[in-house]
Structure formats: C-alpha cells, structure tokens
$ cat protein_29.cif   # mmCIF, N, CA and C atoms
data_input
#
loop_
_atom_site.label_atom_id
_atom_site.label_comp_id
_atom_site.auth_asym_id
_atom_site.auth_seq_id
_atom_site.Cartn_x
_atom_site.Cartn_y
_atom_site.Cartn_z
N MET A 52 0.85 -1.19 0.00
CA MET A 52 0.00 0.00 0.00
C MET A 52 0.88 1.24 0.00
N GLY A 53 0.59 2.18 -0.90
CA GLY A 53 1.37 3.41 -1.00
C GLY A 53 0.82 4.48 -0.09
N TYR A 54 1.65 5.43 0.20
CA TYR A 54 1.25 6.58 1.01
C TYR A 54 1.00 7.77 0.11
N TYR A 55 0.17 8.66 0.57
CA TYR A 55 -0.09 9.92 -0.09
C TYR A 55 0.51 11.02 0.76
N ILE A 56 0.77 12.15 0.15
CA ILE A 56 1.39 13.25 0.89
C ILE A 56 0.46 14.45 0.86
N ASN A 57 0.11 14.92 2.03
CA ASN A 57 -0.71 16.11 2.19
C ASN A 57 0.16 17.34 1.89
N SER A 58 -0.44 18.38 1.36
CA SER A 58 0.33 19.59 1.04
C SER A 58 0.96 20.20 2.29
N SER A 59 0.36 20.00 3.45
CA SER A 59 0.96 20.53 4.69
C SER A 59 2.27 19.81 5.01
N ALA A 60 2.39 18.54 4.62
CA ALA A 60 3.64 17.81 4.83
C ALA A 60 4.74 18.37 3.93
N VAL A 61 4.37 18.78 2.73
CA VAL A 61 5.34 19.40 1.83
C VAL A 61 5.83 20.71 2.43
N GLU A 62 4.92 21.50 2.95
CA GLU A 62 5.30 22.76 3.61
C GLU A 62 6.20 22.49 4.81
N ASP A 63 5.89 21.47 5.60
CA ASP A 63 6.73 21.12 6.74
C ASP A 63 8.14 20.74 6.28
N PHE A 64 8.21 19.96 5.21
CA PHE A 64 9.50 19.56 4.65
C PHE A 64 10.30 20.79 4.25
N GLU A 65 9.65 21.73 3.55
CA GLU A 65 10.33 22.96 3.13
C GLU A 65 10.84 23.73 4.35
N ASN A 66 10.02 23.83 5.39
CA ASN A 66 10.43 24.57 6.60
C ASN A 66 11.61 23.91 7.29
N ILE A 67 11.62 22.60 7.32
CA ILE A 67 12.72 21.88 7.98
C ILE A 67 14.03 22.04 7.21
N PHE A 68 13.95 21.98 5.89
CA PHE A 68 15.15 21.96 5.05
C PHE A 68 15.40 23.25 4.28
N ILE A 69 14.79 24.35 4.70
CA ILE A 69 14.86 25.60 3.95
C ILE A 69 16.30 26.07 3.72
N GLU A 70 17.15 26.00 4.70
CA GLU A 70 18.53 26.47 4.53
C GLU A 70 19.28 25.59 3.53
N SER A 71 19.06 24.31 3.59
CA SER A 71 19.68 23.39 2.64
C SER A 71 19.17 23.64 1.22
N ILE A 72 17.90 23.91 1.10
CA ILE A 72 17.30 24.22 -0.21
C ILE A 72 17.90 25.51 -0.76
N LYS A 73 18.03 26.52 0.07
CA LYS A 73 18.63 27.79 -0.36
C LYS A 73 20.06 27.58 -0.82
N ASP A 74 20.83 26.80 -0.06
CA ASP A 74 22.21 26.52 -0.45
C ASP A 74 22.27 25.79 -1.79
N SER A 75 21.37 24.86 -2.00
CA SER A 75 21.33 24.11 -3.27
C SER A 75 21.02 25.05 -4.44
N ILE A 76 20.10 25.97 -4.23
CA ILE A 76 19.75 26.94 -5.28
C ILE A 76 20.95 27.82 -5.60
N LEU A 77 21.64 28.30 -4.58
CA LEU A 77 22.80 29.17 -4.81
C LEU A 77 23.91 28.42 -5.54
N GLN A 78 24.06 27.14 -5.28
CA GLN A 78 25.07 26.34 -5.96
C GLN A 78 24.73 26.14 -7.44
N MET A 79 23.48 26.33 -7.80
CA MET A 79 23.06 26.17 -9.18
C MET A 79 23.42 27.37 -10.06
N VAL A 80 23.76 28.50 -9.46
CA VAL A 80 24.12 29.67 -10.25
C VAL A 80 25.36 29.33 -11.08
N ASN A 81 25.23 29.47 -12.40
CA ASN A 81 26.30 29.14 -13.33
C ASN A 81 27.02 30.43 -13.72
N LYS A 82 28.11 30.72 -13.04
CA LYS A 82 28.82 31.98 -13.27
C LYS A 82 29.52 32.02 -14.63
N SER A 83 29.70 30.86 -15.27
CA SER A 83 30.31 30.88 -16.60
C SER A 83 29.26 31.06 -17.70
N PHE A 84 27.97 31.08 -17.31
CA PHE A 84 26.91 31.36 -18.29
C PHE A 84 25.90 32.29 -17.62
N LEU A 85 26.34 33.52 -17.42
CA LEU A 85 25.55 34.53 -16.72
C LEU A 85 25.37 35.72 -17.65
N LEU A 86 24.14 35.92 -18.11
CA LEU A 86 23.82 37.04 -19.00
C LEU A 86 23.27 38.18 -18.15
N LYS A 87 23.70 39.40 -18.46
CA LYS A 87 23.28 40.55 -17.67
C LYS A 87 22.62 41.59 -18.55
N ASN A 88 21.58 42.22 -18.00
CA ASN A 88 21.03 43.42 -18.63
C ASN A 88 21.03 44.51 -17.58
N GLN A 89 20.34 45.61 -17.83
CA GLN A 89 20.41 46.74 -16.92
C GLN A 89 19.96 46.42 -15.50
N HIS A 90 18.94 45.58 -15.37
CA HIS A 90 18.36 45.38 -14.05
C HIS A 90 18.47 43.95 -13.52
N ARG A 91 18.72 43.00 -14.41
CA ARG A 91 18.69 41.60 -13.99
C ARG A 91 19.85 40.81 -14.56
N GLU A 92 20.04 39.65 -13.97
CA GLU A 92 20.98 38.66 -14.48
C GLU A 92 20.19 37.40 -14.77
N LEU A 93 20.67 36.64 -15.73
CA LEU A 93 20.07 35.37 -16.06
C LEU A 93 21.17 34.33 -16.06
N SER A 94 21.09 33.40 -15.12
CA SER A 94 22.02 32.29 -15.05
C SER A 94 21.38 31.10 -15.74
N ILE A 95 22.14 30.45 -16.63
CA ILE A 95 21.63 29.28 -17.33
C ILE A 95 22.53 28.11 -16.97
N SER A 96 21.94 27.09 -16.35
CA SER A 96 22.68 25.89 -15.94
C SER A 96 22.24 24.72 -16.79
N PHE A 97 23.22 23.94 -17.22
CA PHE A 97 22.98 22.85 -18.17
C PHE A 97 23.17 21.50 -17.47
N TYR A 98 22.12 20.74 -17.43
CA TYR A 98 22.14 19.42 -16.81
C TYR A 98 21.95 18.35 -17.89
N GLU A 99 21.99 17.12 -17.50
CA GLU A 99 21.93 16.02 -18.48
C GLU A 99 20.68 16.07 -19.36
N HIS A 100 19.52 16.25 -18.76
CA HIS A 100 18.28 16.13 -19.52
C HIS A 100 17.47 17.43 -19.62
N TYR A 101 17.93 18.49 -18.98
CA TYR A 101 17.18 19.75 -19.00
C TYR A 101 18.10 20.91 -18.65
N ILE A 102 17.56 22.11 -18.80
CA ILE A 102 18.26 23.36 -18.51
C ILE A 102 17.47 24.11 -17.44
N VAL A 103 18.17 24.78 -16.52
CA VAL A 103 17.50 25.60 -15.51
C VAL A 103 17.91 27.05 -15.70
N LEU A 104 16.90 27.90 -15.87
CA LEU A 104 17.09 29.34 -15.97
C LEU A 104 16.84 29.94 -14.59
N MET A 105 17.72 30.83 -14.17
CA MET A 105 17.55 31.51 -12.89
C MET A 105 17.55 33.01 -13.13
N LYS A 106 16.47 33.68 -12.80
CA LYS A 106 16.41 35.13 -12.89
C LYS A 106 16.87 35.70 -11.56
N ILE A 107 17.83 36.63 -11.64
CA ILE A 107 18.45 37.20 -10.46
C ILE A 107 18.38 38.72 -10.55
N GLU A 108 17.98 39.33 -9.45
CA GLU A 108 17.93 40.79 -9.39
C GLU A 108 18.45 41.22 -8.03
N ASN A 109 19.36 42.19 -8.02
CA ASN A 109 19.96 42.67 -6.77
C ASN A 109 20.51 41.52 -5.92
N ASN A 110 21.21 40.60 -6.58
CA ASN A 110 21.82 39.44 -5.92
C ASN A 110 20.81 38.52 -5.25
N THR A 111 19.56 38.58 -5.71
CA THR A 111 18.51 37.72 -5.16
C THR A 111 17.91 36.88 -6.28
N VAL A 112 17.91 35.57 -6.08
CA VAL A 112 17.29 34.69 -7.06
C VAL A 112 15.78 34.85 -6.95
N LEU A 113 15.16 35.27 -8.05
CA LEU A 113 13.72 35.53 -8.05
C LEU A 113 12.91 34.36 -8.58
N GLU A 114 13.49 33.63 -9.54
CA GLU A 114 12.70 32.62 -10.23
C GLU A 114 13.60 31.55 -10.82
N LEU A 115 13.13 30.32 -10.79
CA LEU A 115 13.79 29.20 -11.45
C LEU A 115 12.80 28.61 -12.45
N THR A 116 13.29 28.34 -13.65
CA THR A 116 12.45 27.77 -14.69
C THR A 116 13.22 26.64 -15.36
N ARG A 117 12.53 25.56 -15.62
CA ARG A 117 13.15 24.42 -16.30
C ARG A 117 12.70 24.42 -17.76
N ILE A 118 13.67 24.31 -18.69
CA ILE A 118 13.35 24.22 -20.11
C ILE A 118 14.09 23.04 -20.72
N SER A 119 13.69 22.66 -21.91
CA SER A 119 14.31 21.53 -22.60
C SER A 119 15.43 22.02 -23.52
N TYR A 120 16.30 21.10 -23.87
CA TYR A 120 17.34 21.42 -24.85
C TYR A 120 16.72 21.68 -26.22
N GLU A 121 15.62 21.01 -26.54
CA GLU A 121 14.94 21.22 -27.82
C GLU A 121 14.43 22.65 -27.92
N TYR A 122 13.99 23.20 -26.79
CA TYR A 122 13.54 24.60 -26.77
C TYR A 122 14.74 25.54 -26.92
N PHE A 123 15.81 25.27 -26.17
CA PHE A 123 16.98 26.15 -26.16
C PHE A 123 17.77 26.08 -27.46
N ILE A 124 17.76 24.91 -28.11
CA ILE A 124 18.47 24.71 -29.38
C ILE A 124 17.41 24.36 -30.43
N PRO A 125 16.64 25.34 -30.87
CA PRO A 125 15.52 25.04 -31.77
C PRO A 125 15.97 24.67 -33.19
N ASP A 126 15.08 24.03 -33.92
CA ASP A 126 15.37 23.64 -35.30
C ASP A 126 15.73 24.86 -36.14
N MET A 127 15.10 25.99 -35.87
CA MET A 127 15.36 27.20 -36.64
C MET A 127 16.82 27.64 -36.47
N PHE A 128 17.36 27.51 -35.26
CA PHE A 128 18.77 27.82 -35.01
C PHE A 128 19.66 26.88 -35.81
N LEU A 129 19.35 25.59 -35.78
CA LEU A 129 20.15 24.62 -36.51
C LEU A 129 20.14 24.92 -38.01
N SER A 130 19.00 25.33 -38.53
CA SER A 130 18.90 25.69 -39.94
C SER A 130 19.74 26.92 -40.25
N GLU A 131 19.68 27.93 -39.39
CA GLU A 131 20.46 29.14 -39.62
C GLU A 131 21.95 28.86 -39.56
N VAL A 132 22.37 28.04 -38.60
CA VAL A 132 23.79 27.71 -38.47
C VAL A 132 24.29 27.01 -39.72
N SER A 133 23.46 26.18 -40.32
CA SER A 133 23.91 25.44 -41.51
C SER A 133 24.17 26.36 -42.70
N THR A 134 23.61 27.58 -42.67
CA THR A 134 23.85 28.53 -43.76
C THR A 134 25.04 29.45 -43.48
N PHE A 135 25.62 29.33 -42.29
CA PHE A 135 26.76 30.18 -41.94
C PHE A 135 27.95 29.82 -42.84
N PRO A 136 28.51 30.80 -43.56
CA PRO A 136 29.52 30.48 -44.57
C PRO A 136 30.84 29.95 -44.02
N ASN A 137 31.20 30.33 -42.81
CA ASN A 137 32.50 29.92 -42.25
C ASN A 137 32.35 28.87 -41.14
N LEU A 138 31.37 27.99 -41.28
CA LEU A 138 31.16 26.96 -40.27
C LEU A 138 32.39 26.04 -40.23
N PRO A 139 32.99 25.85 -39.04
CA PRO A 139 34.17 24.99 -38.95
C PRO A 139 33.88 23.57 -39.46
N PRO A 140 34.88 22.91 -40.05
CA PRO A 140 34.68 21.59 -40.65
C PRO A 140 34.04 20.56 -39.71
N ARG A 141 34.47 20.55 -38.45
CA ARG A 141 33.90 19.57 -37.52
C ARG A 141 32.41 19.79 -37.33
N LEU A 142 31.99 21.06 -37.21
CA LEU A 142 30.57 21.35 -37.06
C LEU A 142 29.81 21.02 -38.34
N LYS A 143 30.44 21.21 -39.50
CA LYS A 143 29.80 20.82 -40.76
C LYS A 143 29.52 19.32 -40.77
N ARG A 144 30.48 18.54 -40.29
CA ARG A 144 30.28 17.08 -40.23
C ARG A 144 29.10 16.72 -39.34
N TYR A 145 29.04 17.35 -38.15
CA TYR A 145 27.91 17.08 -37.26
C TYR A 145 26.59 17.51 -37.90
N LYS A 146 26.60 18.65 -38.56
CA LYS A 146 25.39 19.14 -39.22
C LYS A 146 24.96 18.16 -40.31
N ASN A 147 25.92 17.63 -41.06
CA ASN A 147 25.61 16.68 -42.12
C ASN A 147 25.07 15.36 -41.58
N MET A 148 25.34 15.06 -40.31
CA MET A 148 24.83 13.83 -39.69
C MET A 148 23.36 13.98 -39.28
N GLY A 149 22.83 15.18 -39.37
CA GLY A 149 21.43 15.41 -39.04
C GLY A 149 21.27 16.31 -37.83
N ASP A 150 20.06 16.88 -37.73
CA ASP A 150 19.78 17.84 -36.66
C ASP A 150 19.94 17.23 -35.27
N CYS A 151 19.54 15.99 -35.10
CA CYS A 151 19.62 15.34 -33.78
C CYS A 151 21.08 15.27 -33.31
N ARG A 152 21.97 14.82 -34.18
CA ARG A 152 23.38 14.69 -33.81
C ARG A 152 24.01 16.07 -33.60
N PHE A 153 23.63 17.03 -34.45
CA PHE A 153 24.15 18.38 -34.32
C PHE A 153 23.69 19.01 -33.00
N ARG A 154 22.41 18.83 -32.67
CA ARG A 154 21.88 19.36 -31.41
C ARG A 154 22.61 18.71 -30.23
N ASN A 155 22.89 17.43 -30.32
CA ASN A 155 23.61 16.74 -29.23
C ASN A 155 25.03 17.27 -29.06
N GLU A 156 25.69 17.63 -30.15
CA GLU A 156 27.03 18.22 -30.06
C GLU A 156 26.97 19.56 -29.33
N ILE A 157 25.97 20.37 -29.65
CA ILE A 157 25.81 21.65 -28.98
C ILE A 157 25.46 21.42 -27.51
N LYS A 158 24.55 20.50 -27.25
CA LYS A 158 24.14 20.16 -25.89
C LYS A 158 25.36 19.72 -25.07
N ASP A 159 26.18 18.83 -25.62
CA ASP A 159 27.36 18.36 -24.90
C ASP A 159 28.33 19.51 -24.62
N SER A 160 28.49 20.41 -25.58
CA SER A 160 29.37 21.55 -25.37
C SER A 160 28.85 22.47 -24.27
N LEU A 161 27.53 22.65 -24.22
CA LEU A 161 26.94 23.46 -23.15
C LEU A 161 27.15 22.80 -21.79
N LYS A 162 26.86 21.50 -21.70
CA LYS A 162 27.01 20.78 -20.43
C LYS A 162 28.46 20.75 -19.96
N ASP A 163 29.40 20.65 -20.91
CA ASP A 163 30.82 20.56 -20.56
C ASP A 163 31.47 21.92 -20.33
N GLY A 164 30.69 22.99 -20.43
CA GLY A 164 31.23 24.33 -20.20
C GLY A 164 32.09 24.83 -21.34
N LYS A 165 31.90 24.29 -22.54
CA LYS A 165 32.68 24.72 -23.70
C LYS A 165 32.03 25.89 -24.43
N ILE A 166 30.80 26.19 -24.08
CA ILE A 166 30.13 27.40 -24.55
C ILE A 166 29.89 28.24 -23.31
N ILE A 167 30.43 29.45 -23.31
CA ILE A 167 30.44 30.29 -22.11
C ILE A 167 29.99 31.71 -22.44
N VAL A 168 29.82 32.50 -21.40
CA VAL A 168 29.49 33.92 -21.56
C VAL A 168 30.68 34.73 -21.04
N GLN A 169 31.17 35.63 -21.91
CA GLN A 169 32.20 36.60 -21.51
C GLN A 169 31.76 37.96 -22.02
N ASN A 170 31.80 38.94 -21.15
CA ASN A 170 31.37 40.29 -21.50
C ASN A 170 29.99 40.28 -22.16
N ASN A 171 29.12 39.46 -21.63
CA ASN A 171 27.74 39.34 -22.06
C ASN A 171 27.58 38.80 -23.49
N LYS A 172 28.62 38.15 -24.00
CA LYS A 172 28.55 37.49 -25.31
C LYS A 172 28.69 35.99 -25.10
N VAL A 173 27.89 35.24 -25.85
CA VAL A 173 27.91 33.78 -25.76
C VAL A 173 28.98 33.27 -26.73
N LEU A 174 30.06 32.73 -26.17
CA LEU A 174 31.21 32.31 -26.96
C LEU A 174 31.34 30.79 -27.00
N TRP A 175 31.74 30.30 -28.17
CA TRP A 175 32.12 28.90 -28.34
C TRP A 175 33.59 28.93 -28.75
N PRO A 176 34.48 29.09 -27.77
CA PRO A 176 35.91 29.31 -28.06
C PRO A 176 36.56 28.25 -28.94
N ASP A 177 36.15 27.00 -28.80
CA ASP A 177 36.75 25.93 -29.62
C ASP A 177 36.64 26.23 -31.10
N TYR A 178 35.60 26.98 -31.49
CA TYR A 178 35.36 27.27 -32.90
C TYR A 178 35.45 28.76 -33.24
N GLY A 179 35.72 29.58 -32.25
CA GLY A 179 35.80 31.02 -32.48
C GLY A 179 34.48 31.62 -32.93
N ILE A 180 33.39 31.13 -32.35
CA ILE A 180 32.04 31.54 -32.75
C ILE A 180 31.37 32.30 -31.61
N ILE A 181 30.64 33.36 -31.97
CA ILE A 181 29.79 34.07 -31.01
C ILE A 181 28.35 33.75 -31.39
N LEU A 182 27.59 33.25 -30.42
CA LEU A 182 26.19 32.87 -30.64
C LEU A 182 25.26 33.96 -30.15
N ARG A 183 24.10 34.07 -30.78
CA ARG A 183 23.06 35.00 -30.35
C ARG A 183 21.98 34.22 -29.61
N ILE A 184 21.44 34.86 -28.58
CA ILE A 184 20.31 34.29 -27.83
C ILE A 184 19.12 35.22 -28.02
N SER A 185 17.98 34.64 -28.32
CA SER A 185 16.76 35.42 -28.55
C SER A 185 16.21 35.95 -27.23
N PRO A 186 15.31 36.93 -27.29
CA PRO A 186 14.65 37.40 -26.07
C PRO A 186 13.86 36.29 -25.37
N ASN A 187 13.50 35.23 -26.10
CA ASN A 187 12.78 34.09 -25.51
C ASN A 187 13.71 33.09 -24.86
N ILE A 188 15.00 33.43 -24.75
CA ILE A 188 16.03 32.59 -24.16
C ILE A 188 16.17 31.27 -24.93
N ALA A 189 16.53 31.41 -26.19
CA ALA A 189 16.84 30.27 -27.05
C ALA A 189 17.95 30.71 -27.99
N LEU A 190 18.78 29.77 -28.41
CA LEU A 190 19.82 30.11 -29.38
C LEU A 190 19.13 30.57 -30.67
N GLU A 191 19.69 31.63 -31.25
CA GLU A 191 19.03 32.26 -32.38
C GLU A 191 19.90 32.28 -33.64
N GLY A 192 21.22 32.37 -33.47
CA GLY A 192 22.08 32.43 -34.63
C GLY A 192 23.52 32.67 -34.24
N ILE A 193 24.34 32.93 -35.27
CA ILE A 193 25.76 33.20 -35.09
C ILE A 193 26.00 34.66 -35.43
N GLU A 194 26.81 35.35 -34.60
CA GLU A 194 27.08 36.77 -34.83
C GLU A 194 28.24 37.01 -35.77
N ASN A 195 29.26 36.16 -35.73
CA ASN A 195 30.45 36.50 -36.50
C ASN A 195 30.62 35.62 -37.71
#
$ encode --input "protein_29.cif" --output "structure tokens"
Amino acid sequence: MGYYINSSAVEDFENIFIESIKDSILQMVNKSFLLKNQHRELSISFYEHYIVLMKIENNTVLELTRISYEYFIPDMFLSEVSTFPNLPPRLKRYKNMGDCRFRNEIKDSLKDGKIIVQNNKVLWPDYGIILRISPNIALEGIEN
C-alpha cells in the first residue's frame, strides 16, 4: 500500500530543510553562463536532460524555470547555423549527420562548459564563434 502526501507535509518539509534548499539553489548559479542586462541577471545551468534558468535581481534569485534542450536549441537555429559560410569543418560534419546529432554536439558543449558567456557574449571558443540568444532565451544564430 502506498502513502499519499498532504500539502501541509510538503510545507513542513520545506520549513525543515529551507537552509539546505537555499544553499542548493545558490550552488546552481552558473557563473560561466551569466547574462546581464540593466536590471537583472540570467544564469543558465545545463544538466543532463534539462536546462535551468535563474532570474536574479539585486543578488537575489527571483525565479527558477526548467526548459528543454529542444527549446533552447531550436530547429530554426540549426537551420540558420547550416547557412553560416564559415562553419568549422567539424561542425559541418555534425550538421551533415542530421539535426539530432548536431543538437547533441551543442548540448554536450553546453554541459561541458565549452560554450560560455564573456562580456555578455555567448562564446564557443573551440570554434571562435559568437552565438546569439533570442529574447525568448533560445539560441538564435551566429554573430560572427
């Protein structure tokens, strides 16, 4: 026989472990992928099966949102990248293997910290590429 959990038990759990939960959230801030605008910061953390967006204002985490890699690396981005005239040979090979394999290469690079943010630009240093991110927080294209 299984047990059910009342919402008050969830609240009790949160109250008991609140400091641990806060520490876990702070550890999720990805300082190598931190986008800034005038009033807020956006930390994007890359995990095996999903991405976590953290909106930060005045050094306070306001919101956490979970998105998929398919959302962050949309088909439209993959199509635009394939038209980039100076696409490095290795990326051309992945692109020629199909969108799924190409998306996985980008996903692996994000998870491994090979795509980073410096001076508010999304860089893929291995290939000397600067990526654009849309206002909807998805890869949009290549800048250079």
$ atom_distance --input "protein_29.cif" --atom1 "CA of Met79 in chain A" --atom2 "atom C of Glu121 in chain A"
20.9 Å
$ residues_around --input "protein_29.cif" --residues "Leu161 in chain A" --least-positions-apart "5" --cutoff "8 Å" --atoms "only C-alpha atoms" --output "number ranges by chain"
A: 97, 166-167
$ closest_residue --input "protein_29.cif" --among "A:Leu113, A:Leu104, A:Leu93, A:Pro125" --to "Arg154 in chain A" --atoms "all atoms listed in the file"
A:Pro125
$ residues_around --input "protein_29.cif" --residues "Val80 in chain A" --least-positions-apart "2" --cutoff "6 Å" --atoms "only C-alpha atoms" --output "PyMOL selection string"
chain A and resi 77-78+94
$ atom_distance --input "protein_29.cif" --atom1 "atom N of Glu114 in chain A" --atom2 "atom N of Ser185 in chain A"
19.3 Å
$ resolve_selection --input "protein_29.cif" --expression "the PyMOL selection byres ((chain A and resi 189) around 8)" --output "PyMOL selection string"
chain A and resi 122-125+128+183-188+190-192
$ atom_distance --input "protein_29.cif" --atom1 "CA of Trp175 in chain A" --atom2 "CA of Thr134 in chain A"
17.5 Å
$ select_by_dssp --input "protein_29.cif" --residues "chain A" --states "alpha helix (DSSP H)" --output "ChimeraX atom specification"
/A:58-78,120-123,126-133,140-147,150-162
$ write_last_selection --input "protein_29.cif" --atoms "N, CA and C atoms" --output "compact mmCIF listing (two decimals), in the frame of the given file"
# COMPACT_ATOMS: atom_id res chain seq x y z
N SER A 58 -0.44 18.38 1.36
CA SER A 58 0.33 19.59 1.04
C SER A 58 0.96 20.20 2.29
N SER A 59 0.36 20.00 3.45
CA SER A 59 0.96 20.53 4.69
C SER A 59 2.27 19.81 5.01
N ALA A 60 2.39 18.54 4.62
CA ALA A 60 3.64 17.81 4.83
C ALA A 60 4.74 18.37 3.93
N VAL A 61 4.37 18.78 2.73
CA VAL A 61 5.34 19.40 1.83
C VAL A 61 5.83 20.71 2.43
N GLU A 62 4.92 21.50 2.95
CA GLU A 62 5.30 22.76 3.61
C GLU A 62 6.20 22.49 4.81
N ASP A 63 5.89 21.47 5.60
CA ASP A 63 6.73 21.12 6.74
C ASP A 63 8.14 20.74 6.28
N PHE A 64 8.21 19.96 5.21
CA PHE A 64 9.50 19.56 4.65
C PHE A 64 10.30 20.79 4.25
N GLU A 65 9.65 21.73 3.55
CA GLU A 65 10.33 22.96 3.13
C GLU A 65 10.84 23.73 4.35
N ASN A 66 10.02 23.83 5.39
CA ASN A 66 10.43 24.57 6.60
C ASN A 66 11.61 23.91 7.29
N ILE A 67 11.62 22.60 7.32
CA ILE A 67 12.72 21.88 7.98
C ILE A 67 14.03 22.04 7.21
N PHE A 68 13.95 21.98 5.89
CA PHE A 68 15.15 21.96 5.05
C PHE A 68 15.40 23.25 4.28
N ILE A 69 14.79 24.35 4.70
CA ILE A 69 14.86 25.60 3.95
C ILE A 69 16.30 26.07 3.72
N GLU A 70 17.15 26.00 4.70
CA GLU A 70 18.53 26.47 4.53
C GLU A 70 19.28 25.59 3.53
N SER A 71 19.06 24.31 3.59
CA SER A 71 19.68 23.39 2.64
C SER A 71 19.17 23.64 1.22
N ILE A 72 17.90 23.91 1.10
CA ILE A 72 17.30 24.22 -0.21
C ILE A 72 17.90 25.51 -0.76
N LYS A 73 18.03 26.52 0.07
CA LYS A 73 18.63 27.79 -0.36
C LYS A 73 20.06 27.58 -0.82
N ASP A 74 20.83 26.80 -0.06
CA ASP A 74 22.21 26.52 -0.45
C ASP A 74 22.27 25.79 -1.79
N SER A 75 21.37 24.86 -2.00
CA SER A 75 21.33 24.11 -3.27
C SER A 75 21.02 25.05 -4.44
N ILE A 76 20.10 25.97 -4.23
CA ILE A 76 19.75 26.94 -5.28
C ILE A 76 20.95 27.82 -5.60
N LEU A 77 21.64 28.30 -4.58
CA LEU A 77 22.80 29.17 -4.81
C LEU A 77 23.91 28.42 -5.54
N GLN A 78 24.06 27.14 -5.28
CA GLN A 78 25.07 26.34 -5.96
C GLN A 78 24.73 26.14 -7.44
N TYR A 120 16.30 21.10 -23.87
CA TYR A 120 17.34 21.42 -24.85
C TYR A 120 16.72 21.68 -26.22
N GLU A 121 15.62 21.01 -26.54
CA GLU A 121 14.94 21.22 -27.82
C GLU A 121 14.43 22.65 -27.92
N TYR A 122 13.99 23.20 -26.79
CA TYR A 122 13.54 24.60 -26.77
C TYR A 122 14.74 25.54 -26.92
N PHE A 123 15.81 25.27 -26.17
CA PHE A 123 16.98 26.15 -26.16
C PHE A 123 17.77 26.08 -27.46
N ASP A 126 15.08 24.03 -33.92
CA ASP A 126 15.37 23.64 -35.30
C ASP A 126 15.73 24.86 -36.14
N MET A 127 15.10 25.99 -35.87
CA MET A 127 15.36 27.20 -36.64
C MET A 127 16.82 27.64 -36.47
N PHE A 128 17.36 27.51 -35.26
CA PHE A 128 18.77 27.82 -35.01
C PHE A 128 19.66 26.88 -35.81
N LEU A 129 19.35 25.59 -35.78
CA LEU A 129 20.15 24.62 -36.51
C LEU A 129 20.14 24.92 -38.01
N SER A 130 19.00 25.33 -38.53
CA SER A 130 18.90 25.69 -39.94
C SER A 130 19.74 26.92 -40.25
N GLU A 131 19.68 27.93 -39.39
CA GLU A 131 20.46 29.14 -39.62
C GLU A 131 21.95 28.86 -39.56
N VAL A 132 22.37 28.04 -38.60
CA VAL A 132 23.79 27.71 -38.47
C VAL A 132 24.29 27.01 -39.72
N SER A 133 23.46 26.18 -40.32
CA SER A 133 23.91 25.44 -41.51
C SER A 133 24.17 26.36 -42.70
N PRO A 140 34.88 22.91 -40.05
CA PRO A 140 34.68 21.59 -40.65
C PRO A 140 34.04 20.56 -39.71
N ARG A 141 34.47 20.55 -38.45
CA ARG A 141 33.90 19.57 -37.52
C ARG A 141 32.41 19.79 -37.33
N LEU A 142 31.99 21.06 -37.21
CA LEU A 142 30.57 21.35 -37.06
C LEU A 142 29.81 21.02 -38.34
N LYS A 143 30.44 21.21 -39.50
CA LYS A 143 29.80 20.82 -40.76
C LYS A 143 29.52 19.32 -40.77
N ARG A 144 30.48 18.54 -40.29
CA ARG A 144 30.28 17.08 -40.23
C ARG A 144 29.10 16.72 -39.34
N TYR A 145 29.04 17.35 -38.15
CA TYR A 145 27.91 17.08 -37.26
C TYR A 145 26.59 17.51 -37.90
N LYS A 146 26.60 18.65 -38.56
CA LYS A 146 25.39 19.14 -39.22
C LYS A 146 24.96 18.16 -40.31
N ASN A 147 25.92 17.63 -41.06
CA ASN A 147 25.61 16.68 -42.12
C ASN A 147 25.07 15.36 -41.58
N ASP A 150 20.06 16.88 -37.73
CA ASP A 150 19.78 17.84 -36.66
C ASP A 150 19.94 17.23 -35.27
N CYS A 151 19.54 15.99 -35.10
CA CYS A 151 19.62 15.34 -33.78
C CYS A 151 21.08 15.27 -33.31
N ARG A 152 21.97 14.82 -34.18
CA ARG A 152 23.38 14.69 -33.81
C ARG A 152 24.01 16.07 -33.60
N PHE A 153 23.63 17.03 -34.45
CA PHE A 153 24.15 18.38 -34.32
C PHE A 153 23.69 19.01 -33.00
N ARG A 154 22.41 18.83 -32.67
CA ARG A 154 21.88 19.36 -31.41
C ARG A 154 22.61 18.71 -30.23
N ASN A 155 22.89 17.43 -30.32
CA ASN A 155 23.61 16.74 -29.23
C ASN A 155 25.03 17.27 -29.06
N GLU A 156 25.69 17.63 -30.15
CA GLU A 156 27.03 18.22 -30.06
C GLU A 156 26.97 19.56 -29.33
N ILE A 157 25.97 20.37 -29.65
CA ILE A 157 25.81 21.65 -28.98
C ILE A 157 25.46 21.42 -27.51
N LYS A 158 24.55 20.50 -27.25
CA LYS A 158 24.14 20.16 -25.89
C LYS A 158 25.36 19.72 -25.07
N ASP A 159 26.18 18.83 -25.62
CA ASP A 159 27.36 18.36 -24.90
C ASP A 159 28.33 19.51 -24.62
N SER A 160 28.49 20.41 -25.58
CA SER A 160 29.37 21.55 -25.37
C SER A 160 28.85 22.47 -24.27
N LEU A 161 27.53 22.65 -24.22
CA LEU A 161 26.94 23.46 -23.15
C LEU A 161 27.15 22.80 -21.79
N LYS A 162 26.86 21.50 -21.70
CA LYS A 162 27.01 20.78 -20.43
C LYS A 162 28.46 20.75 -19.96
$ closest_residue --input "protein_29.cif" --among "A:Lys143, A:Ser96, A:Met127, A:His90" --to "Asn109 in chain A" --atoms "only N, CA and C atoms"
A:His90
$ resolve_selection --input "protein_29.cif" --expression "the PyMOL selection byres ((chain A and resi 91) around 7)" --output "list of chain:residue names"
A:Leu86, A:Lys87, A:Asn88, A:Gln89, A:His90, A:Glu92, A:Leu93, A:Lys106, A:Ile107, A:Glu108, A:Asn109
$ decode --input "protein_29.cif" --residues "range 122-137 of chain A" --atoms "C-alpha atoms" --output "mmCIF file, in the first residue's frame"
data_model
loop_
_atom_site.group_PDB
_atom_site.id
_atom_site.type_symbol
_atom_site.label_atom_id
_atom_site.label_comp_id
_atom_site.auth_asym_id
_atom_site.auth_seq_id
_atom_site.Cartn_x
_atom_site.Cartn_y
_atom_site.Cartn_z
ATOM 1 C CA TYR A 122 13.537 24.595 -26.773
ATOM 2 C CA PHE A 123 16.976 26.155 -26.157
ATOM 3 C CA ILE A 124 18.467 24.714 -29.380
ATOM 4 C CA PRO A 125 15.517 25.043 -31.771
ATOM 5 C CA ASP A 126 15.368 23.645 -35.299
ATOM 6 C CA MET A 127 15.359 27.204 -36.636
ATOM 7 C CA PHE A 128 18.772 27.822 -35.011
ATOM 8 C CA LEU A 129 20.152 24.619 -36.512
ATOM 9 C CA SER A 130 18.897 25.694 -39.944
ATOM 10 C CA GLU A 131 20.461 29.145 -39.622
ATOM 11 C CA VAL A 132 23.789 27.711 -38.472
ATOM 12 C CA SER A 133 23.907 25.440 -41.511
ATOM 13 C CA THR A 134 23.849 28.525 -43.761
ATOM 14 C CA PHE A 135 26.764 30.177 -41.938
ATOM 15 C CA PRO A 136 29.522 30.485 -44.573
ATOM 16 C CA ASN A 137 32.498 29.918 -42.247
#
